[in-house]
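> Dropping in final_33.cif, with mmCIF, C-alpha atoms.
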```cif
data_protein
loop_
_atom_site.group_PDB
_atom_site.id
_atom_site.type_symbol
_atom_site.label_atom_id
_atom_site.label_comp_id
_atom_site.auth_asym_id
_atom_site.auth_seq_id
_atom_site.Cartn_x
_atom_site.Cartn_y
_atom_site.Cartn_z
ATOM 1 C CA MET A 17 0.188 28.167 -17.626
ATOM 2 C CA SER A 18 1.839 26.211 -14.787
ATOM 3 C CA GLU A 19 -1.239 23.930 -14.602
ATOM 4 C CA ILE A 20 -0.564 22.815 -18.178
ATOM 5 C CA VAL A 21 2.813 21.242 -17.351
ATOM 6 C CA PRO A 22 1.636 18.669 -14.760
ATOM 7 C CA LYS A 23 -1.546 17.998 -16.753
ATOM 8 C CA SER A 24 0.433 17.443 -19.947
ATOM 9 C CA LEU A 25 2.924 15.188 -18.149
ATOM 10 C CA THR A 26 0.063 13.232 -16.591
ATOM 11 C CA ASP A 27 -1.652 12.792 -19.964
ATOM 12 C CA ASP A 28 1.613 11.621 -21.540
ATOM 13 C CA ALA A 29 2.220 9.219 -18.650
ATOM 14 C CA VAL A 30 -1.256 7.721 -18.919
ATOM 15 C CA LYS A 31 -0.791 7.279 -22.674
ATOM 16 C CA ALA A 32 2.580 5.584 -22.176
ATOM 17 C CA TYR A 33 1.072 3.307 -19.526
ATOM 18 C CA GLN A 34 -1.845 2.347 -21.777
ATOM 19 C CA GLU A 35 0.622 1.537 -24.552
ATOM 20 C CA GLY A 36 2.537 -0.768 -22.210
ATOM 21 C CA ASN A 37 5.582 1.500 -22.019
ATOM 22 C CA TYR A 38 5.733 1.201 -18.237
ATOM 23 C CA GLU A 39 9.237 2.550 -17.648
ATOM 24 C CA ASN A 40 8.493 5.720 -19.604
ATOM 25 C CA ALA A 41 5.139 6.018 -17.817
ATOM 26 C CA ALA A 42 6.879 5.724 -14.460
ATOM 27 C CA ARG A 43 9.374 8.424 -15.450
ATOM 28 C CA LEU A 44 6.590 10.745 -16.626
ATOM 29 C CA PHE A 45 4.461 10.138 -13.522
ATOM 30 C CA GLY A 46 7.538 11.026 -11.453
ATOM 31 C CA GLU A 47 7.993 14.262 -13.399
ATOM 32 C CA ALA A 48 4.292 15.069 -12.925
ATOM 33 C CA ALA A 49 4.664 14.446 -9.182
ATOM 34 C CA SER A 50 7.588 16.853 -9.067
ATOM 35 C CA ALA A 51 5.595 19.460 -10.995
ATOM 36 C CA PHE A 52 2.639 19.136 -8.610
ATOM 37 C CA THR A 53 5.017 19.403 -5.648
ATOM 38 C CA ALA A 54 6.469 22.600 -7.127
ATOM 39 C CA GLN A 55 2.911 23.962 -7.306
ATOM 40 C CA ASP A 56 2.395 23.088 -3.618
ATOM 41 C CA ASN A 57 -0.201 20.468 -4.535
ATOM 42 C CA PRO A 58 0.689 17.499 -2.299
ATOM 43 C CA LEU A 59 -2.467 15.447 -3.010
ATOM 44 C CA ASP A 60 -1.970 15.373 -6.775
ATOM 45 C CA ALA A 61 1.769 14.815 -6.270
ATOM 46 C CA ALA A 62 1.016 11.812 -4.035
ATOM 47 C CA GLU A 63 -1.445 10.480 -6.600
ATOM 48 C CA MET A 64 1.219 10.704 -9.307
ATOM 49 C CA LYS A 65 3.713 8.901 -7.030
ATOM 50 C CA ASN A 66 1.159 6.099 -6.641
ATOM 51 C CA ASN A 67 0.640 5.940 -10.393
ATOM 52 C CA GLN A 68 4.410 5.808 -10.729
ATOM 53 C CA SER A 69 4.496 2.940 -8.245
ATOM 54 C CA VAL A 70 2.008 0.932 -10.307
ATOM 55 C CA ALA A 71 3.964 1.617 -13.489
ATOM 56 C CA TRP A 72 7.242 0.530 -11.871
ATOM 57 C CA LEU A 73 5.613 -2.656 -10.626
ATOM 58 C CA GLN A 74 4.328 -3.379 -14.141
ATOM 59 C CA ALA A 75 7.829 -2.697 -15.463
ATOM 60 C CA GLY A 76 9.196 -5.366 -13.122
ATOM 61 C CA ASN A 77 10.942 -2.999 -10.720
ATOM 62 C CA PRO A 78 9.313 -3.568 -7.302
ATOM 63 C CA GLY A 79 12.079 -1.685 -5.464
ATOM 64 C CA ALA A 80 11.348 1.501 -7.403
ATOM 65 C CA ALA A 81 7.610 0.834 -6.971
ATOM 66 C CA TRP A 82 7.998 0.688 -3.211
ATOM 67 C CA GLU A 83 10.143 3.831 -3.122
ATOM 68 C CA ALA A 84 7.555 5.709 -5.194
ATOM 69 C CA ALA A 85 4.608 4.764 -2.956
ATOM 70 C CA ARG A 86 6.387 5.186 0.401
ATOM 71 C CA GLY A 87 4.982 8.012 2.474
ATOM 72 C CA THR A 88 2.068 8.832 0.206
ATOM 73 C CA ALA A 89 -0.564 7.189 2.426
ATOM 74 C CA SER A 90 0.090 9.755 5.152
ATOM 75 C CA VAL A 91 -0.580 12.593 2.683
ATOM 76 C CA PHE A 92 -4.017 11.158 1.968
ATOM 77 C CA ALA A 93 -4.675 10.316 5.634
ATOM 78 C CA GLU A 94 -3.997 13.938 6.620
ATOM 79 C CA ALA A 95 -6.598 15.017 4.043
ATOM 80 C CA ASP A 96 -9.119 12.403 5.313
ATOM 81 C CA ASP A 97 -9.066 10.854 1.832
ATOM 82 C CA PHE A 98 -9.403 7.282 3.063
ATOM 83 C CA ARG A 99 -9.977 5.753 -0.373
ATOM 84 C CA ARG A 100 -6.705 7.044 -1.786
ATOM 85 C CA GLU A 101 -4.992 6.279 1.528
ATOM 86 C CA GLY A 102 -6.058 2.650 1.084
ATOM 87 C CA ILE A 103 -4.809 2.620 -2.491
ATOM 88 C CA ALA A 104 -1.455 4.005 -1.348
ATOM 89 C CA TRP A 105 -1.080 1.369 1.380
ATOM 90 C CA GLY A 106 -2.090 -1.282 -1.161
ATOM 91 C CA ASN A 107 0.534 -0.081 -3.631
ATOM 92 C CA GLU A 108 3.201 -0.246 -0.936
ATOM 93 C CA ALA A 109 2.015 -3.721 0.027
ATOM 94 C CA ALA A 110 2.049 -5.015 -3.555
ATOM 95 C CA ALA A 111 5.606 -3.753 -4.032
ATOM 96 C CA LEU A 112 6.746 -5.282 -0.734
ATOM 97 C CA GLN A 113 5.079 -8.569 -1.674
ATOM 98 C CA ALA A 114 6.919 -8.549 -5.015
ATOM 99 C CA LEU A 115 10.150 -7.906 -3.096
ATOM 100 C CA GLY A 116 9.489 -11.078 -1.055
ATOM 101 C CA ARG A 117 8.791 -9.148 2.151
ATOM 102 C CA ALA A 118 5.559 -10.931 3.052
ATOM 103 C CA ASN A 119 5.390 -9.790 6.697
ATOM 104 C CA ASP A 120 5.764 -6.144 5.718
ATOM 105 C CA ALA A 121 3.273 -6.610 2.884
ATOM 106 C CA LEU A 122 0.685 -8.088 5.250
ATOM 107 C CA GLU A 123 1.028 -5.106 7.588
ATOM 108 C CA LYS A 124 0.513 -2.632 4.727
ATOM 109 C CA TYR A 125 -2.438 -4.665 3.425
ATOM 110 C CA ARG A 126 -3.985 -4.454 6.919
ATOM 111 C CA LEU A 127 -3.596 -0.680 6.849
ATOM 112 C CA ALA A 128 -5.143 -0.592 3.364
ATOM 113 C CA SER A 129 -8.059 -2.717 4.549
ATOM 114 C CA ALA A 130 -8.724 -0.381 7.477
ATOM 115 C CA ALA A 131 -8.602 2.688 5.229
ATOM 116 C CA PHE A 132 -10.989 1.105 2.719
ATOM 117 C CA GLU A 133 -13.329 0.173 5.558
ATOM 118 C CA ARG A 134 -13.344 3.814 6.742
ATOM 119 C CA ALA A 135 -14.018 4.897 3.159
ATOM 120 C CA GLY A 136 -16.902 2.445 2.762
ATOM 121 C CA GLU A 137 -15.103 0.747 -0.126
ATOM 122 C CA GLY A 138 -16.159 -2.882 0.375
ATOM 123 C CA GLU A 139 -15.007 -4.119 -3.036
ATOM 124 C CA MET A 140 -11.576 -2.569 -2.692
ATOM 125 C CA ARG A 141 -11.269 -3.909 0.849
ATOM 126 C CA ASN A 142 -12.187 -7.363 -0.448
ATOM 127 C CA THR A 143 -9.439 -7.155 -3.085
ATOM 128 C CA VAL A 144 -6.901 -6.351 -0.369
ATOM 129 C CA MET A 145 -8.190 -9.173 1.830
ATOM 130 C CA GLN A 146 -7.814 -11.601 -1.094
ATOM 131 C CA ALA A 147 -4.182 -10.535 -1.476
ATOM 132 C CA MET A 148 -3.660 -11.134 2.241
ATOM 133 C CA ALA A 149 -5.321 -14.543 1.979
ATOM 134 C CA GLY A 150 -2.968 -15.410 -0.886
ATOM 135 C CA ILE A 151 0.053 -14.694 1.300
ATOM 136 C CA GLU A 152 -1.446 -16.734 4.137
ATOM 137 C CA LEU A 153 -2.116 -19.660 1.780
ATOM 138 C CA LYS A 154 1.481 -19.606 0.539
ATOM 139 C CA ARG A 155 2.559 -19.871 4.158
ATOM 140 C CA GLY A 156 0.319 -22.894 4.687
ATOM 141 C CA LYS A 157 -2.094 -21.037 6.957
ATOM 142 C CA VAL A 158 -5.244 -22.287 5.264
ATOM 143 C CA MET A 159 -7.651 -21.497 8.097
ATOM 144 C CA ASP A 160 -6.293 -17.956 8.444
ATOM 145 C CA ALA A 161 -6.676 -17.487 4.689
ATOM 146 C CA LEU A 162 -10.283 -18.702 4.765
ATOM 147 C CA LEU A 163 -11.124 -16.368 7.635
ATOM 148 C CA THR A 164 -9.465 -13.446 5.837
ATOM 149 C CA MET A 165 -11.455 -14.197 2.679
ATOM 150 C CA GLN A 166 -14.673 -14.382 4.671
ATOM 151 C CA MET A 167 -13.946 -11.049 6.358
ATOM 152 C CA GLY A 168 -13.292 -9.440 3.002
ATOM 153 C CA LEU A 169 -16.457 -10.763 1.433
ATOM 154 C CA SER A 170 -18.607 -9.814 4.397
ATOM 155 C CA GLY A 171 -17.899 -6.114 3.780
ATOM 156 C CA ILE A 172 -19.383 -6.103 0.290
ATOM 157 C CA LYS A 173 -22.800 -4.430 0.228
ATOM 158 C CA HIS A 174 -24.027 -5.981 -3.016
ATOM 159 C CA PRO A 175 -22.067 -9.197 -3.637
ATOM 160 C CA THR A 176 -22.164 -10.875 -7.013
ATOM 161 C CA LEU A 177 -23.605 -14.371 -7.332
ATOM 162 C CA LYS A 178 -20.088 -15.818 -7.313
ATOM 163 C CA GLN A 179 -19.245 -13.879 -4.137
ATOM 164 C CA LYS A 180 -22.488 -15.010 -2.481
ATOM 165 C CA ILE A 181 -21.696 -18.644 -3.253
ATOM 166 C CA LEU A 182 -18.133 -18.303 -1.965
ATOM 167 C CA LEU A 183 -19.355 -16.597 1.210
ATOM 168 C CA ALA A 184 -21.912 -19.380 1.776
ATOM 169 C CA LEU A 185 -19.199 -22.012 1.309
ATOM 170 C CA LEU A 186 -16.927 -20.203 3.747
ATOM 171 C CA ARG A 187 -19.691 -20.130 6.352
ATOM 172 C CA PHE A 188 -19.928 -23.922 6.182
ATOM 173 C CA ARG A 189 -16.223 -24.475 6.738
ATOM 174 C CA ALA A 190 -15.233 -27.264 9.071
ATOM 175 C CA TRP A 191 -13.238 -25.755 11.940
#
```
Re-express the file's structure as structure tokens.

Amino acid sequence: MSEIVPKSLTDDAVKAYQEGNYENAARLFGEAASAFTAQDNPLDAAEMKNNQSVAWLQAGNPGAAWEAARGTASVFAEADDFRREGIAWGNEAAALQALGRANDALEKYRLASAAFERAGEGEMRNTVMQAMAGIELKRGKVMDALLTMQMGLSGIKHPTLKQKILLALLRFRAW
């Protein structure tokens, strides 16, 4: 019976999120995280905290998003779940970026990139590298941004035509 409570809360949170009711989704994901914690299920609790982080970010509350994601990457790292570790670092980074803390965001994006690389998740790593390149571009570091984009694209096993063209263009950059 105790499994029903977190599952029901999770289902309700997902429904609220899909309906665009992000604040309610964040609240419900938080309740689901607490329920999973009470069941001594730290992985599912950390996953719910990350879902809560995304919902808070969508609701326009990056401070709450950062608080929700903080510390969850270590839960996944301890379980050797590198994919979810990368997602957790990425959620922290996105919240920090929205808070205007670009240096901190870049560091978390680097940690996400490394976790995705360990997980063999080239596409997800590329997404993180694009976010990093965006920060570098805003800072006027065009060459750093181009190199970051190239590094992200080079990890994709089966690039799309668009990605192949972009990678070819990046290889012909004028240094």
> Calculate how many Å separate atom CA of Arg134 of chain A from atom CA of Val91 of chain A, rounding to one decimal.
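For atom CA of Arg134 of chain A relative to atom CA of Val91 of chain A, the distance reads 16.0 Å.
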> For atom CA of Ala61 of chain A and atom CA of Gly106 of chain A, quote the distance in Å rounded to one decimal.
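Between atom CA of Ala61 of chain A and atom CA of Gly106 of chain A the gap works out to 17.3 Å.
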> Which residue is closest to Leu115 of chain A? Choose from A:Asn37, A:Thr176, A:Gln146, A:Asn77 and count all atoms listed in the file.
A:Asn77
> Quick one: of A:Lys178, A:Ser90, A:Ser69, A:Ala75, who's nearest to Ala109 of chain A, counting all atoms listed in the file?
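For Ala109 of chain A, the nearest of the given residues is A:Ser69.
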> For atom CA of Met165 of chain A and atom CA of Glu123 of chain A, quote the distance in Å rounded to one decimal.
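Atom CA of Met165 of chain A sits 16.2 Å away from atom CA of Glu123 of chain A.
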> Which residue, A:Pro22, A:Arg117, A:Arg99, A:Ala42, has the smallest gap to Ala80 of chain A when you use all atoms listed in the file?
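Of A:Pro22, A:Arg117, A:Arg99, A:Ala42, the one nearest Ala80 of chain A is A:Ala42, counting all atoms listed in the file.
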> Which one of A:Ile20, A:Ala81, A:Ala135, A:Ala62 sits closest to Glu39 of chain A if you count all atoms listed in the file?
A:Ala81
> For this structure, which residues satisfy the selection - the PyMOL selection byres ((chain A and resi 74) around 12) - when it is evaluated on the file as given? I want them as a list in words.
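For this structure, the PyMOL selection byres ((chain A and resi 74) around 12) captures Tyr33, Gln34, Gly36, Asn37, Tyr38, Glu39, Asn40, Ala41, Ala42, Asn67, Gln68, Ser69, Val70, Ala71, Trp72, Leu73, Ala75, Gly76, Asn77, Pro78, Gly79, Ala80, Ala81, Asn107, Ala110, Ala111 and Ala114 of chain A.
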> Extract, using all atoms listed in the file, all DNA, RNA and protein residues at most 10 Å from Lys124 of chain A, discarding same-chain residues fewer than 3 positions from it, and format them as an mmCIF file with C-alpha atoms, in the frame of the given file.

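Output (part_12.cif):
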```cif
data_model
loop_
_atom_site.group_PDB
_atom_site.id
_atom_site.type_symbol
_atom_site.label_atom_id
_atom_site.label_comp_id
_atom_site.auth_asym_id
_atom_site.auth_seq_id
_atom_site.Cartn_x
_atom_site.Cartn_y
_atom_site.Cartn_z
ATOM 1 C CA GLY A 102 -6.058 2.650 1.084
ATOM 2 C CA ALA A 104 -1.455 4.005 -1.348
ATOM 3 C CA TRP A 105 -1.080 1.369 1.380
ATOM 4 C CA GLY A 106 -2.090 -1.282 -1.161
ATOM 5 C CA ASN A 107 0.534 -0.081 -3.631
ATOM 6 C CA GLU A 108 3.201 -0.246 -0.936
ATOM 7 C CA ALA A 109 2.015 -3.721 0.027
ATOM 8 C CA ALA A 110 2.049 -5.015 -3.555
ATOM 9 C CA LEU A 112 6.746 -5.282 -0.734
ATOM 10 C CA GLN A 113 5.079 -8.569 -1.674
ATOM 11 C CA ALA A 118 5.559 -10.931 3.052
ATOM 12 C CA ASN A 119 5.390 -9.790 6.697
ATOM 13 C CA ASP A 120 5.764 -6.144 5.718
ATOM 14 C CA ALA A 121 3.273 -6.610 2.884
ATOM 15 C CA LEU A 127 -3.596 -0.680 6.849
ATOM 16 C CA ALA A 128 -5.143 -0.592 3.364
ATOM 17 C CA SER A 129 -8.059 -2.717 4.549
ATOM 18 C CA ALA A 130 -8.724 -0.381 7.477
ATOM 19 C CA VAL A 144 -6.901 -6.351 -0.369
ATOM 20 C CA MET A 148 -3.660 -11.134 2.241
#
```
> With distances taken over all atoms listed in the file, which residue among A:Asp60, A:Phe52, A:Val30, A:Gly46 lies nearest Glu83 of chain A?
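Smallest distance to Glu83 of chain A is found for A:Gly46.
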> Go through A:Gly116, A:Gly136, A:Val21, A:Ile103 one by one, measure the shortest atom-to-atom distance of each to Arg86 of chain A using all atoms listed in the file, and give the residue with the smallest value.
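Ranked by minimum distance to Arg86 of chain A, first place goes to A:Ile103.
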> So that I can check the surroundings of Glu47 of chain A, please list as a PDB file with C-alpha atoms, keeping the file's coordinate frame every protein, DNA and RNA residue that reaches within 9 Å of it, counting only C-alpha atoms and ignoring chain neighbours fewer than 2 positions away.

```
ATOM      1  CA  PRO A  22       1.636  18.669 -14.760  1.00  0.00           C
ATOM      2  CA  LEU A  25       2.924  15.188 -18.149  1.00  0.00           C
ATOM      3  CA  THR A  26       0.063  13.232 -16.591  1.00  0.00           C
ATOM      4  CA  ALA A  42       6.879   5.724 -14.460  1.00  0.00           C
ATOM      5  CA  ARG A  43       9.374   8.424 -15.450  1.00  0.00           C
ATOM      6  CA  LEU A  44       6.590  10.745 -16.626  1.00  0.00           C
ATOM      7  CA  PHE A  45       4.461  10.138 -13.522  1.00  0.00           C
ATOM      8  CA  ALA A  49       4.664  14.446  -9.182  1.00  0.00           C
ATOM      9  CA  SER A  50       7.588  16.853  -9.067  1.00  0.00           C
ATOM     10  CA  ALA A  51       5.595  19.460 -10.995  1.00  0.00           C
ATOM     11  CA  PHE A  52       2.639  19.136  -8.610  1.00  0.00           C
ATOM     12  CA  MET A  64       1.219  10.704  -9.307  1.00  0.00           C
TER      13      MET A  64
END
```
> Adding 3 Å on each side of the box along x, y and z that holds all listed atoms of segment 106-110 of chain A, could you give its centre and edge lengths in Å to one decimal, as AutoDock Vina command-line options?

```
--center_x 0.6 --center_y -2.5 --center_z -1.8 --size_x 11.3 --size_y 10.9 --size_z 9.7
```
> Within 12 Å of Gln179 of chain A, counting all atoms listed in the file, which residues qualify if same-chain residues fewer than 2 places away don't, as an mmCIF file with C-alpha atoms, keeping the file's coordinate frame?

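Dumped everything to around.cif:
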```cif
data_model
loop_
_atom_site.group_PDB
_atom_site.id
_atom_site.type_symbol
_atom_site.label_atom_id
_atom_site.label_comp_id
_atom_site.auth_asym_id
_atom_site.auth_seq_id
_atom_site.Cartn_x
_atom_site.Cartn_y
_atom_site.Cartn_z
ATOM 1 C CA GLU A 139 -15.007 -4.119 -3.036
ATOM 2 C CA ASN A 142 -12.187 -7.363 -0.448
ATOM 3 C CA THR A 143 -9.439 -7.155 -3.085
ATOM 4 C CA MET A 165 -11.455 -14.197 2.679
ATOM 5 C CA GLN A 166 -14.673 -14.382 4.671
ATOM 6 C CA GLY A 168 -13.292 -9.440 3.002
ATOM 7 C CA LEU A 169 -16.457 -10.763 1.433
ATOM 8 C CA SER A 170 -18.607 -9.814 4.397
ATOM 9 C CA GLY A 171 -17.899 -6.114 3.780
ATOM 10 C CA ILE A 172 -19.383 -6.103 0.290
ATOM 11 C CA LYS A 173 -22.800 -4.430 0.228
ATOM 12 C CA HIS A 174 -24.027 -5.981 -3.016
ATOM 13 C CA PRO A 175 -22.067 -9.197 -3.637
ATOM 14 C CA THR A 176 -22.164 -10.875 -7.013
ATOM 15 C CA LEU A 177 -23.605 -14.371 -7.332
ATOM 16 C CA ILE A 181 -21.696 -18.644 -3.253
ATOM 17 C CA LEU A 182 -18.133 -18.303 -1.965
ATOM 18 C CA LEU A 183 -19.355 -16.597 1.210
ATOM 19 C CA ALA A 184 -21.912 -19.380 1.776
ATOM 20 C CA LEU A 185 -19.199 -22.012 1.309
ATOM 21 C CA LEU A 186 -16.927 -20.203 3.747
#
```
> Extract, using all atoms listed in the file, all DNA, RNA and protein residues at most 9 Å from Asp160 of chain A, discarding same-chain residues fewer than 6 positions from it, and format them as a list in words.
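Near Asp160 of chain A, the qualifying residues are Ala149, Glu152 and Leu153 of chain A.
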